[in-house]
Structure formats: C-alpha cells, structure tokens
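Structure file coords-v7.cif with mmCIF, C-alpha atoms:
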```cif
data_model
#
loop_
_atom_site.label_atom_id
_atom_site.label_comp_id
_atom_site.auth_asym_id
_atom_site.auth_seq_id
_atom_site.Cartn_x
_atom_site.Cartn_y
_atom_site.Cartn_z
CA MET A 26 170.60 179.83 -3.02
CA ARG A 27 173.86 180.89 -1.41
CA HIS A 28 174.68 180.45 2.23
CA PRO A 29 176.79 183.03 4.02
CA VAL A 30 179.04 180.20 5.24
CA PRO A 31 179.17 177.17 2.97
CA ILE A 32 177.83 174.12 4.77
CA THR A 33 179.98 171.10 4.04
CA ASP A 34 179.16 167.41 4.29
CA GLU A 35 181.41 167.29 7.35
CA HIS A 36 179.21 169.92 9.04
CA LEU A 37 176.14 167.88 8.20
CA VAL A 38 177.76 164.78 9.72
CA THR A 39 178.40 166.62 12.99
CA TRP A 40 174.74 167.64 12.95
CA LEU A 41 173.56 164.06 12.30
CA ASP A 42 175.85 162.77 15.05
CA GLY A 43 174.50 165.38 17.44
CA VAL A 44 177.95 166.86 18.09
CA ALA A 45 177.72 170.15 16.16
CA ASP A 46 178.29 173.10 18.46
CA THR A 47 175.34 175.36 19.12
CA ALA A 48 176.30 178.06 16.63
CA ARG A 49 176.87 175.55 13.83
CA ARG A 50 173.66 173.72 14.66
CA ASP A 51 171.61 176.90 14.43
CA GLU A 52 173.32 177.78 11.17
CA ILE A 53 172.60 174.36 9.67
CA GLU A 54 169.02 174.31 10.82
CA ALA A 55 168.38 177.80 9.45
CA ALA A 56 169.89 176.77 6.12
CA LEU A 57 167.87 173.54 6.05
CA ALA A 58 164.69 175.52 6.48
CA GLN A 59 165.54 177.62 3.42
CA ASP A 60 167.22 175.23 1.05
CA PRO A 61 165.61 171.95 0.01
CA ARG A 62 168.81 170.86 -1.75
CA LEU A 63 170.61 170.95 1.57
CA GLY A 64 167.88 168.70 2.98
CA ALA A 65 168.49 166.26 0.14
CA ARG A 66 172.22 166.27 0.86
CA LEU A 67 171.47 165.61 4.50
CA ALA A 68 169.22 162.69 3.58
CA ASP A 69 172.06 161.28 1.47
CA LEU A 70 174.27 161.23 4.55
CA ASN A 71 171.73 159.83 6.93
CA ILE A 72 172.24 156.26 8.06
CA ASP A 73 170.87 154.14 10.87
CA THR A 74 173.90 154.03 13.16
CA SER A 75 172.10 151.85 15.69
CA ALA A 76 171.74 149.21 12.95
CA VAL A 77 175.49 149.43 12.32
CA ARG A 78 176.11 148.90 16.02
CA ALA A 79 173.73 145.93 16.14
CA ALA A 80 175.37 144.30 13.11
CA PHE A 81 178.81 144.64 14.62
CA ASP A 82 177.70 143.53 18.06
CA ALA A 83 176.84 140.28 16.34
CA VAL A 84 180.41 140.15 14.99
CA ALA A 85 181.89 140.57 18.48
CA ALA A 86 179.54 137.91 19.79
CA ALA A 87 180.83 135.53 17.11
CA ALA A 88 184.52 136.07 17.94
CA PRO A 89 186.38 132.79 18.51
CA VAL A 90 187.01 133.67 22.14
CA GLU A 91 188.03 130.20 23.32
CA ARG A 92 190.70 129.90 20.67
CA LEU A 93 192.00 133.42 21.28
CA ARG A 94 192.04 132.86 25.02
CA ALA A 95 194.01 129.65 24.62
CA ARG A 96 196.62 131.52 22.57
CA LEU A 97 196.66 134.35 25.11
CA ASP A 98 197.28 131.86 27.91
CA GLU A 99 200.24 130.40 26.10
CA GLN A 100 201.62 133.89 25.47
CA ALA A 101 201.10 135.07 29.03
CA VAL A 102 203.10 132.10 30.24
CA ARG A 103 205.97 132.74 27.83
CA THR A 104 206.12 136.52 27.95
CA PRO A 105 207.68 137.04 31.40
CA ARG A 106 210.80 135.20 30.25
CA ARG A 107 211.33 137.65 27.44
CA ARG A 108 211.24 140.50 29.87
CA ILE A 109 213.66 138.83 32.20
CA GLY A 110 215.73 142.01 32.64
CA VAL A 111 212.93 144.03 34.17
CA ARG A 112 211.20 141.08 35.76
CA TRP A 113 214.35 139.82 37.36
CA LEU A 114 214.75 142.97 39.37
CA ALA A 115 211.17 142.72 40.58
CA ILE A 116 211.55 139.06 41.46
CA ALA A 117 214.88 139.62 43.21
CA ALA A 118 213.44 142.56 45.14
CA ALA A 119 210.40 140.52 46.12
CA LEU A 120 212.53 137.61 47.27
CA VAL A 121 214.77 139.86 49.32
CA MET A 122 211.77 141.58 50.88
CA GLY A 123 210.01 138.28 51.45
CA ALA A 124 213.06 136.81 53.12
CA ALA A 125 213.51 139.95 55.22
CA LEU A 126 209.90 139.79 56.36
CA GLY A 127 210.10 136.11 57.03
CA TYR A 128 207.75 134.90 54.35
CA VAL A 129 208.11 134.25 50.66
CA ALA A 130 204.81 132.63 49.83
CA GLY A 131 203.09 135.60 48.24
CA SER A 132 205.93 136.55 45.93
CA SER A 133 205.10 133.96 43.29
CA ASP A 134 202.02 136.01 42.38
CA LEU A 135 204.37 138.64 41.02
CA VAL A 136 205.60 136.37 38.30
CA ARG A 137 202.67 134.07 37.67
CA PRO A 138 200.13 135.38 35.17
CA ALA A 139 196.47 134.49 35.56
CA ARG A 140 195.79 131.04 34.19
CA SER A 141 192.68 129.94 32.38
CA TRP A 142 191.06 126.76 33.59
CA HIS A 143 192.36 124.99 30.46
CA VAL A 144 195.93 125.64 31.49
CA ALA A 145 195.22 124.79 35.13
CA ILE A 146 193.88 121.42 34.01
CA ALA A 147 196.85 120.88 31.71
CA ASP A 148 199.21 121.56 34.61
CA TYR A 149 197.35 119.01 36.70
CA GLN A 150 196.99 116.45 33.95
CA ALA A 151 200.68 116.72 33.06
CA LEU A 152 201.46 115.11 36.42
CA TYR A 153 199.50 111.98 35.50
CA THR A 154 201.40 109.00 34.13
CA ALA A 155 200.25 105.63 32.89
CA ALA A 156 200.90 104.33 36.42
CA THR A 157 198.58 106.86 38.06
CA LEU A 158 195.35 105.16 37.05
CA ALA A 159 196.67 101.64 36.54
CA ALA A 160 195.86 100.68 40.10
CA VAL A 161 192.34 102.11 40.00
CA ALA A 162 190.07 99.09 39.67
CA ALA A 163 186.88 99.50 37.68
CA ASP A 164 184.01 99.11 40.13
CA PRO A 165 180.82 100.03 38.28
CA ALA A 166 178.77 100.58 41.44
CA LYS A 167 181.33 102.96 42.91
CA GLN A 168 181.84 104.68 39.56
CA ARG A 169 178.12 105.28 39.27
CA SER A 170 177.75 106.76 42.73
CA ASP A 171 180.87 108.92 42.28
CA VAL A 172 179.60 110.22 38.94
CA ASP A 173 176.24 111.07 40.51
CA THR A 174 177.94 112.94 43.37
CA VAL A 175 180.19 114.87 40.97
CA ALA A 176 177.27 115.66 38.66
CA ALA A 177 175.26 117.02 41.57
CA ARG A 178 178.14 119.26 42.69
CA LEU A 179 178.66 120.44 39.14
CA GLY A 180 174.96 121.05 38.59
CA LEU A 181 174.99 119.19 35.28
CA PRO A 182 173.02 116.01 34.56
CA VAL A 183 175.80 113.57 33.68
CA GLY A 184 175.33 109.83 34.07
CA LEU A 185 177.82 107.00 33.80
CA GLU A 186 176.35 105.92 30.45
CA ALA A 187 176.86 109.36 28.90
CA LEU A 188 180.54 109.18 29.84
CA GLN A 189 181.25 106.00 27.87
CA VAL A 190 183.62 106.56 24.94
CA PRO A 191 184.81 103.77 22.63
CA GLY A 192 188.58 103.36 22.89
CA LEU A 193 188.76 105.01 26.30
CA GLU A 194 188.27 103.14 29.55
CA PHE A 195 186.46 105.16 32.21
CA LYS A 196 188.29 105.02 35.54
CA ARG A 197 186.91 107.47 38.05
CA ALA A 198 185.16 110.77 38.71
CA GLN A 199 186.27 113.42 41.15
CA ILE A 200 185.33 116.95 41.98
CA LEU A 201 188.02 119.64 42.00
CA SER A 202 187.74 123.39 42.24
CA PHE A 203 189.06 126.24 40.12
CA LYS A 204 188.73 129.84 41.31
CA GLY A 205 185.99 128.79 43.69
CA ARG A 206 183.93 127.02 41.02
CA PRO A 207 183.37 123.26 40.91
CA LEU A 208 185.49 121.50 38.31
CA ALA A 209 184.59 117.92 37.44
CA GLN A 210 187.34 115.57 36.34
CA PHE A 211 186.46 112.29 34.68
CA ALA A 212 189.57 110.16 34.29
CA TYR A 213 190.09 107.62 31.51
CA VAL A 214 192.95 105.62 30.07
CA ASP A 215 193.39 105.13 26.36
CA GLN A 216 194.27 101.83 24.70
CA ARG A 217 197.96 102.35 25.43
CA GLY A 218 197.19 103.03 29.09
CA GLU A 219 197.86 106.78 28.77
CA PRO A 220 195.69 108.92 31.05
CA VAL A 221 193.05 111.13 29.47
CA ALA A 222 190.87 113.59 31.38
CA PHE A 223 187.45 114.92 30.50
CA CYS A 224 186.70 118.01 32.57
CA ALA A 225 183.77 120.39 32.92
CA THR A 226 183.26 123.60 34.84
CA PRO A 227 180.76 126.47 34.77
CA THR A 228 182.34 129.33 32.78
CA GLY A 229 179.41 131.43 31.56
CA ASP A 230 180.93 131.42 28.07
CA ARG A 231 178.85 131.36 24.91
CA ASP A 232 178.32 128.08 23.12
CA SER A 233 181.25 127.12 20.93
CA ALA A 234 181.98 124.10 18.78
CA VAL A 235 184.69 121.55 19.55
CA SER A 236 188.10 123.11 18.79
CA PRO A 237 191.51 121.50 18.95
CA GLY A 238 194.14 122.99 21.23
CA ARG A 239 197.46 122.31 22.89
CA PHE A 240 198.17 123.21 26.49
CA ARG A 241 201.48 122.58 28.22
CA GLY A 242 202.41 120.13 25.49
CA LEU A 243 199.22 118.09 25.90
CA GLU A 244 196.71 117.61 23.10
CA ALA A 245 193.22 118.84 23.84
CA ALA A 246 189.78 119.43 22.38
CA PHE A 247 187.47 121.92 24.07
CA TRP A 248 184.02 123.40 23.66
CA SER A 249 181.30 125.30 25.52
CA ARG A 250 177.61 124.72 25.96
CA ASN A 251 174.92 126.17 28.20
CA GLY A 252 177.41 128.17 30.22
CA TYR A 253 179.72 125.22 30.87
CA GLY A 254 183.20 124.76 29.45
CA PHE A 255 184.39 121.26 28.55
CA ILE A 256 187.79 119.87 27.65
CA VAL A 257 189.25 116.48 26.77
CA ILE A 258 193.01 116.43 27.31
CA GLY A 259 195.91 114.01 27.38
CA ARG A 260 198.97 112.68 25.56
CA THR A 261 196.64 110.79 23.25
CA PRO A 262 196.68 111.63 19.51
CA ALA A 263 194.68 114.78 18.72
CA GLU A 264 192.29 113.00 16.39
CA THR A 265 191.32 110.45 19.06
CA LEU A 266 190.65 113.29 21.49
CA ARG A 267 188.63 115.18 18.91
CA GLN A 268 186.43 112.14 18.29
CA ALA A 269 186.00 111.61 22.03
CA ALA A 270 185.08 115.28 22.45
CA ALA A 271 182.57 115.16 19.59
CA LEU A 272 180.92 112.10 21.14
CA LEU A 273 180.85 113.53 24.66
CA ALA A 274 179.46 116.82 23.36
CA LYS A 275 176.63 114.82 21.83
CA GLN A 276 176.00 112.66 24.89
CA ILE A 277 176.06 115.40 27.54
CA MET B 5 193.32 144.76 37.12
CA ASN B 6 196.40 143.57 35.29
CA VAL B 7 196.85 143.73 31.53
CA ARG B 8 196.46 139.97 31.13
CA ASP B 9 193.00 139.91 32.71
CA GLY B 10 191.99 143.06 30.86
CA LEU B 11 192.97 141.48 27.55
CA ASP B 12 190.84 138.48 28.33
CA ARG B 13 187.73 140.61 28.67
CA LEU B 14 188.66 142.60 25.60
CA LEU B 15 188.98 139.62 23.22
CA PRO B 16 185.56 139.82 21.49
CA ARG B 17 185.88 143.53 20.71
CA LEU B 18 189.55 143.30 19.87
CA TRP B 19 188.86 140.48 17.44
CA ARG B 20 186.04 142.48 15.87
CA PHE B 21 188.35 145.44 15.38
CA CYS B 22 191.00 143.21 13.82
CA PHE B 23 188.42 141.54 11.60
CA VAL B 24 187.19 144.93 10.36
CA LEU B 25 190.77 145.92 9.54
CA SER B 26 191.70 142.69 7.80
CA ARG B 27 188.35 141.35 6.53
CA ASP B 28 189.78 137.91 7.13
CA ARG B 29 189.08 135.62 10.07
CA SER B 30 192.46 133.97 10.26
CA VAL B 31 194.35 137.24 9.81
CA ALA B 32 192.16 138.68 12.58
CA ASP B 33 193.16 135.77 14.83
CA ASP B 34 196.84 136.43 14.11
CA LEU B 35 196.44 140.15 14.61
CA VAL B 36 194.77 139.66 17.99
CA GLN B 37 197.58 137.34 18.99
CA ALA B 38 200.29 139.77 17.86
CA ALA B 39 198.58 142.71 19.60
CA CYS B 40 198.18 140.75 22.84
CA LEU B 41 201.81 139.65 22.76
CA ARG B 42 202.99 143.19 22.28
CA ALA B 43 200.66 144.47 25.01
CA LEU B 44 202.01 141.86 27.44
CA GLU B 45 205.59 142.71 26.53
CA ARG B 46 204.89 146.40 27.07
CA GLU B 47 202.74 145.99 30.14
CA GLY B 48 205.01 148.45 31.96
CA GLN B 49 204.11 151.18 29.47
CA PHE B 50 200.39 150.94 30.16
CA GLN B 51 199.30 153.77 32.44
CA ALA B 52 196.95 152.63 35.14
CA GLY B 53 193.76 154.65 35.09
CA THR B 54 193.75 155.02 31.29
CA ARG B 55 191.65 152.85 29.02
CA LEU B 56 193.20 149.51 28.23
CA ASP B 57 190.91 148.98 25.24
CA ARG B 58 192.09 152.18 23.52
CA TRP B 59 195.71 151.30 24.19
CA VAL B 60 195.39 147.77 22.81
CA PHE B 61 193.39 148.88 19.78
CA ARG B 62 196.18 151.32 19.03
CA ILE B 63 198.72 148.51 19.27
CA ALA B 64 196.62 146.34 16.95
CA GLN B 65 196.35 149.20 14.46
CA THR B 66 200.14 149.61 14.45
CA VAL B 67 200.78 145.91 13.99
CA TRP B 68 198.29 145.87 11.15
CA LEU B 69 199.87 148.84 9.38
CA ASN B 70 203.46 147.75 9.91
CA GLN B 71 203.27 144.02 9.43
CA LEU B 72 200.12 142.27 8.47
CA ARG B 73 198.45 144.53 5.96
CA ALA B 74 201.15 144.23 3.32
CA GLU B 75 201.05 140.48 3.67
CA LYS B 76 197.27 140.42 3.45
CA VAL B 77 197.28 142.63 0.36
CA ARG B 78 199.81 140.33 -1.27
CA ARG B 79 197.55 137.38 -0.62
CA GLY B 80 194.54 139.26 -1.95
CA ALA B 81 191.59 140.45 0.06
CA GLY B 82 187.98 139.84 -0.83
CA VAL B 83 184.88 141.08 0.84
CA VAL B 84 183.49 138.42 3.09
CA PRO B 85 179.72 138.30 3.48
CA LEU B 86 178.54 137.76 7.02
CA GLU B 87 177.19 134.30 6.27
CA GLU B 88 180.38 133.10 4.66
CA ALA B 89 182.38 134.49 7.52
CA GLY B 90 180.26 132.33 9.80
CA LEU B 91 179.30 135.34 11.84
CA VAL B 92 175.54 135.14 11.64
CA ASP B 93 174.01 135.40 15.06
CA ALA B 94 171.32 132.79 15.48
CA GLY B 95 169.10 135.19 17.40
CA GLY B 96 166.45 137.27 15.66
CA ASP B 97 164.05 136.55 12.85
CA ALA B 98 165.02 136.04 9.23
CA GLU B 99 164.20 139.59 8.23
CA SER B 100 166.27 141.25 10.91
CA ASN B 101 169.13 138.83 10.21
CA PHE B 102 168.95 139.71 6.54
CA TYR B 103 169.03 143.39 7.33
CA ARG B 104 171.90 142.98 9.74
CA ASN B 105 173.88 141.00 7.15
CA GLN B 106 173.23 143.72 4.61
CA VAL B 107 174.45 146.45 6.94
CA PHE B 108 177.51 144.38 7.81
CA SER B 109 178.36 143.67 4.16
CA ASP B 110 177.92 147.31 3.21
CA VAL B 111 180.23 148.52 5.96
CA MET B 112 182.80 145.84 5.19
CA ALA B 113 182.75 146.86 1.52
CA LEU B 114 183.92 150.37 2.41
CA PRO B 115 187.59 151.25 1.92
CA GLU B 116 189.68 150.45 4.96
CA ALA B 117 190.08 154.08 6.09
CA GLN B 118 186.32 154.61 6.05
CA ARG B 119 185.22 151.35 7.63
CA THR B 120 187.78 151.80 10.42
CA ALA B 121 186.41 155.27 11.15
CA VAL B 122 182.86 153.90 11.15
CA LEU B 123 183.80 151.13 13.57
CA LEU B 124 185.64 153.41 15.95
CA VAL B 125 183.04 156.17 16.05
CA TYR B 126 179.71 154.43 15.51
CA VAL B 127 180.41 151.04 17.07
CA GLU B 128 183.15 151.64 19.64
CA GLY B 129 181.89 155.09 20.61
CA TYR B 130 185.11 157.05 20.01
CA SER B 131 184.72 160.81 19.73
CA TYR B 132 186.02 162.32 16.48
CA GLN B 133 189.03 163.58 18.42
CA GLU B 134 189.76 160.15 19.90
CA ALA B 135 189.45 158.54 16.48
CA ALA B 136 191.80 161.17 15.06
CA GLU B 137 194.39 160.38 17.72
CA HIS B 138 194.00 156.65 17.17
CA LEU B 139 194.43 156.98 13.41
CA GLU B 140 197.02 159.76 13.68
CA ILE B 141 195.12 161.97 11.27
CA PRO B 142 193.53 165.43 11.62
CA ILE B 143 190.03 165.52 13.08
CA GLY B 144 188.74 167.00 9.81
CA THR B 145 189.93 163.89 8.00
CA VAL B 146 187.95 161.70 10.39
CA MET B 147 184.86 163.76 9.63
CA SER B 148 185.35 163.55 5.89
CA ARG B 149 185.88 159.79 6.09
CA LEU B 150 182.65 159.48 8.04
CA ALA B 151 180.89 161.69 5.49
CA SER B 152 182.15 159.53 2.61
CA ALA B 153 181.17 156.35 4.43
CA ARG B 154 177.73 157.71 5.24
CA GLY B 155 177.22 158.72 1.63
CA LYS B 156 177.95 155.21 0.40
CA LEU B 157 175.99 153.43 3.11
CA SER B 158 173.02 155.70 2.66
CA VAL B 159 172.83 155.24 -1.10
CA ARG B 160 172.99 151.49 -0.72
CA HIS B 161 170.51 151.36 2.09
CA ASN B 162 168.07 153.53 0.24
CA GLY B 163 168.47 151.38 -2.83
CA ALA B 164 168.64 147.99 -1.17
CA VAL B 165 166.75 147.59 2.05
CA ALA B 166 165.55 151.07 2.92
CA GLY B 167 167.70 150.96 6.00
CA CYS B 168 167.66 154.70 6.32
CA ALA B 169 165.70 155.77 9.35
CA PRO B 170 163.23 158.59 8.73
CA LEU B 171 165.08 161.84 9.03
CA ALA B 172 164.32 163.20 12.46
CA LYS B 173 165.18 166.72 13.27
CA ARG B 174 167.40 167.03 16.27
CA GLY B 175 166.78 169.67 18.86
#
```

Using the file provided, produce a representation of the structure as structure tokens.
Amino acid sequence: MRHPVPITDEHLVTWLDGVADTARRDEIEAALAQDPRLGARLADLNIDTSAVRAAFDAVAAAAPVERLRARLDEQAVRTPRRRIGVRWLAIAAALVMGAALGYVAGSSDLVRPARSWHVAIADYQALYTAATLAAVAADPAKQRSDVDTVAARLGLPVGLEALQVPGLEFKRAQILSFKGRPLAQFAYVDQRGEPVAFCATPTGDRDSAVSPGRFRGLEAAFWSRNGYGFIVIGRTPAETLRQAAALLAKQI
Amino acid sequence: MNVRDGLDRLLPRLWRFCFVLSRDRSVADDLVQAACLRALEREGQFQAGTRLDRWVFRIAQTVWLNQLRAEKVRRGAGVVPLEEAGLVDAGGDAESNFYRNQVFSDVMALPEAQRTAVLLVYVEGYSYQEAAEHLEIPIGTVMSRLASARGKLSVRHNGAVAGCAPLAKRG
C-alpha cells in the first residue's frame, strides 16, 4: 500500500513522543489504520521511556557527589585569582564604595565563594597547632558529659566509648555551628601530638563510603550516613586518618 | 543564586551526563571538574534567568569533544555494565534491578551520538529543538538519532526482557 506522503521513522518517533503536530498525527493514525506494516514499524520503534528515565535516575543517584563537591570547593577557591583582571575592578569598586559609605564589612562576600562544611572545617582546623590541645588535660568525667551534651545538640547517639580510636588520644568535644546547623567537633592528638579533628553535621546527603580528600593542605577522610556528613582531618598521614575514619564509621 | 551554588546542586545530573558521554567513571569525574572550572571562569557570561543546567551541559559537551574524547578513545573505551560501574541502586527488588540494569546497558551500548540524544530528550527532558541546539545539529538529525536508538533498544528489549510497553494509541 502506498501512502500519499511517505511516513518516515522520524514521523513515527514524533508520534510516539506525543509531539507530532495535529495534521501529522491524523495522517499517521489514518495510515496506521490501513497498513499493518506501518504498525509493525511503529512497534519496532516503541520503547518504555519511563524505564530509561528510571535507570538513569539511578545513575544520577550513584554519582560520587562528595568527591565532586570537594573538587568544586577547591576550584571555587582558586578560580577568582585567575580572573583577577575583572575581579579586581569589582573588589576595588566595592572597597571604594564601602569606604565612602563608612563600612567595608560586607564587601568580602563579593570575593568569597560559598564554602562547603569540609572547607570550613579545614580553615578552622588549620589554625590548630600541637600546642593548642597540649594543655587540655584528659578528664574522663568531663569528657563524658561534654560528649553527651554535644551528641544531644547534634541529634546523634555518640558516646565516649564510640569515639575511642587506637593511636589517637581523645581530648575534648565541642559544638560549633555551620550555616545554622550544629557541627560537632571531637578533638584528638595523634602520637606525634598533632591535632586531629573528627567532625559531624547534618547534611541530608546520601550515604557514601569513606573517601580520602585534601582540604586547605590538610589530609582528610570523609563519608556520609543517615543524613549526616562526617570527616576526620588533620596533618596526620592519610592512611592513619583513613583507618580512623573506617573505625569511627563502624562505631557510630 | 550564584553559579557556584547552582553547580553544587547540579553535580549528580552533570556527572550522569558526563558518564553517558564517556562511559567511564574516572573520565566522568574529570569532565565534571573541567566543566565546573570553565563555568566558574566564565561566570560573567552566564545570563541570569536562563537555565544553568543547559549552559553547563553545553560546556561539558564542548570539553568532551575538544579535549577528553580523543584521549578516551586512545585509551580504549569498553561498555561498562551497571554492576561493574558500581551504579546499582540498592532500592527495588531483584527483578526490577535486573530490568533497570538491562535498560542501562542497552542505552550505554548505543553509539555516542544516539545515547547522548536519548539522555537529553528522554532523561533530561530536552525538546528536539533544544537537543539540536545543544548538539549543534539540525532538528531532523536529532529525530533520526532517536529513531535509530529506539530501533535498537526496542529490538533488544523485545528479545531480552520484553521491556516494550504494550503499544497504546495516543489521542
């Protein structure tokens, strides 16, 4: 059977996708009613597009978001320097305006990209030296009550026992805040007296396994579970931090 | 919303797009990184009010075509089953996981031009015209790539797991 206008596979695809214009749709449907071979061709082009979407939604859900975000953070920090020509004008203009108006405080937002909590912790941890925690005496009773207080604020059942890591001496627990969310910091020193922090904060991220990372020149290992993000960070060798992270991930 | 924060939210879909292009997890990681870097460097070129995702996907496509594809081809590219790629979602029963893996593998086995068109149109929801602009090809070429892809996917589904939904007439 001959059709007045040949119906191509591309026409059939527009029909299957529901985007054929009215005239074309009528033409195709009239032809389908007459020609069983056209129906067979249509069947050959028919797929379950919702199944394709579901399969690839699973791919997006499995993306290594933590790792990508860590790289993005590092880039966002470096990038403004490369664009110094354009940025400089903006910064200079902001400073001049700020000075003219009598305040300068807000202008730093123009040049500071959004930080992830990993980088915020790295910035904070970078200020710690071996001397910072040296004077903190280990008082188990105080440690226990501080850990309980921090755990309650964080909303995560963490006890002093679960925080014990061979090779790291637990020093103290304190509650910080990042973007309005509680951020727990558990401070340790390694065998050389170098400070190491184990931090946790609610992030809402999917579960992810322990991954190594480097933030602001500090070694780190981070992971996510049950909507909380965790990180172990310090100037300690990466392998030591990875082992500590693996143990803490098991214990908490 | 600045570009940096927009990129953060875009990471899962951007990585998926890069993985579909490259069929390689580590190349996808690098491609995401390169695309993000370029987007940050060109932040001033992004027009507020337009879609950041389309803009960044376009950047990733360009980086892929200009830099990474040749390198990937030199290294050799195999088809990566979903399980081996470590992309199996734990949710769902064994049968639906099997089916999903099959659909994934079939799409990933398509030639690059076809699987990219399938991703853009059927997963990302691009219109034919938008896909044509993204790929810098005529709209008719998008349609013929979709037709070729559908032909291959349909044959395999019919033969393998009967993934073809019963043909419903559209009104």

Pick from B:Glu47, B:Asp12, B:Glu75, B:Glu137 nearest to Val31 in chain B, counting only C-alpha atoms: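 Among the listed residues, B:Glu75 lies closest to Val31 in chain B.
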
Chain B contacts on chain A, all atoms listed in the file, 9 Å, as a PyMOL selection string: chain A and resi 34-41+43+54+67-90+92-94+96-98+100-101+104-105+107-108+138-139

Residue nearest Asp28 in chain B among B:Arg73, B:Ile63, B:Arg58, B:Arg119 (counting all atoms listed in the file): B:Arg73

Distance in Å - CA of Ala263 in chain A versus CA of Arg178 in chain A: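 It comes out at 29.5 Å.
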
Residues in the PyMOL selection byres ((chain A and resi 53) around 10), expressed as a PyMOL selection string: chain A and resi 28+30-33+36-37+40+45+47-52+54-59+63-64

With C-alpha atoms kept, could you save the residues just selected as an mmCIF file, keeping the file's coordinate frame?
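The result, stored in selection_36.cif:
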```
data_model
loop_
_atom_site.group_PDB
_atom_site.id
_atom_site.type_symbol
_atom_site.label_atom_id
_atom_site.label_comp_id
_atom_site.auth_asym_id
_atom_site.auth_seq_id
_atom_site.Cartn_x
_atom_site.Cartn_y
_atom_site.Cartn_z
ATOM 1 C CA HIS A 28 174.680 180.450 2.230
ATOM 2 C CA VAL A 30 179.040 180.200 5.240
ATOM 3 C CA PRO A 31 179.170 177.170 2.970
ATOM 4 C CA ILE A 32 177.830 174.120 4.770
ATOM 5 C CA THR A 33 179.980 171.100 4.040
ATOM 6 C CA HIS A 36 179.210 169.920 9.040
ATOM 7 C CA LEU A 37 176.140 167.880 8.200
ATOM 8 C CA TRP A 40 174.740 167.640 12.950
ATOM 9 C CA ALA A 45 177.720 170.150 16.160
ATOM 10 C CA THR A 47 175.340 175.360 19.120
ATOM 11 C CA ALA A 48 176.300 178.060 16.630
ATOM 12 C CA ARG A 49 176.870 175.550 13.830
ATOM 13 C CA ARG A 50 173.660 173.720 14.660
ATOM 14 C CA ASP A 51 171.610 176.900 14.430
ATOM 15 C CA GLU A 52 173.320 177.780 11.170
ATOM 16 C CA GLU A 54 169.020 174.310 10.820
ATOM 17 C CA ALA A 55 168.380 177.800 9.450
ATOM 18 C CA ALA A 56 169.890 176.770 6.120
ATOM 19 C CA LEU A 57 167.870 173.540 6.050
ATOM 20 C CA ALA A 58 164.690 175.520 6.480
ATOM 21 C CA GLN A 59 165.540 177.620 3.420
ATOM 22 C CA LEU A 63 170.610 170.950 1.570
ATOM 23 C CA GLY A 64 167.880 168.700 2.980
#
```

Neighbour list for Cys224 in chain A as a ChimeraX atom specification, cut-off 6 Å, all atoms listed in the file, skip fewer than 4 positions in-chain: /A:209-210,255-256

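With CA of Asn251 in chain A on one side and CA of Glu99 in chain A on the other, the separation reads 25.8 Å.
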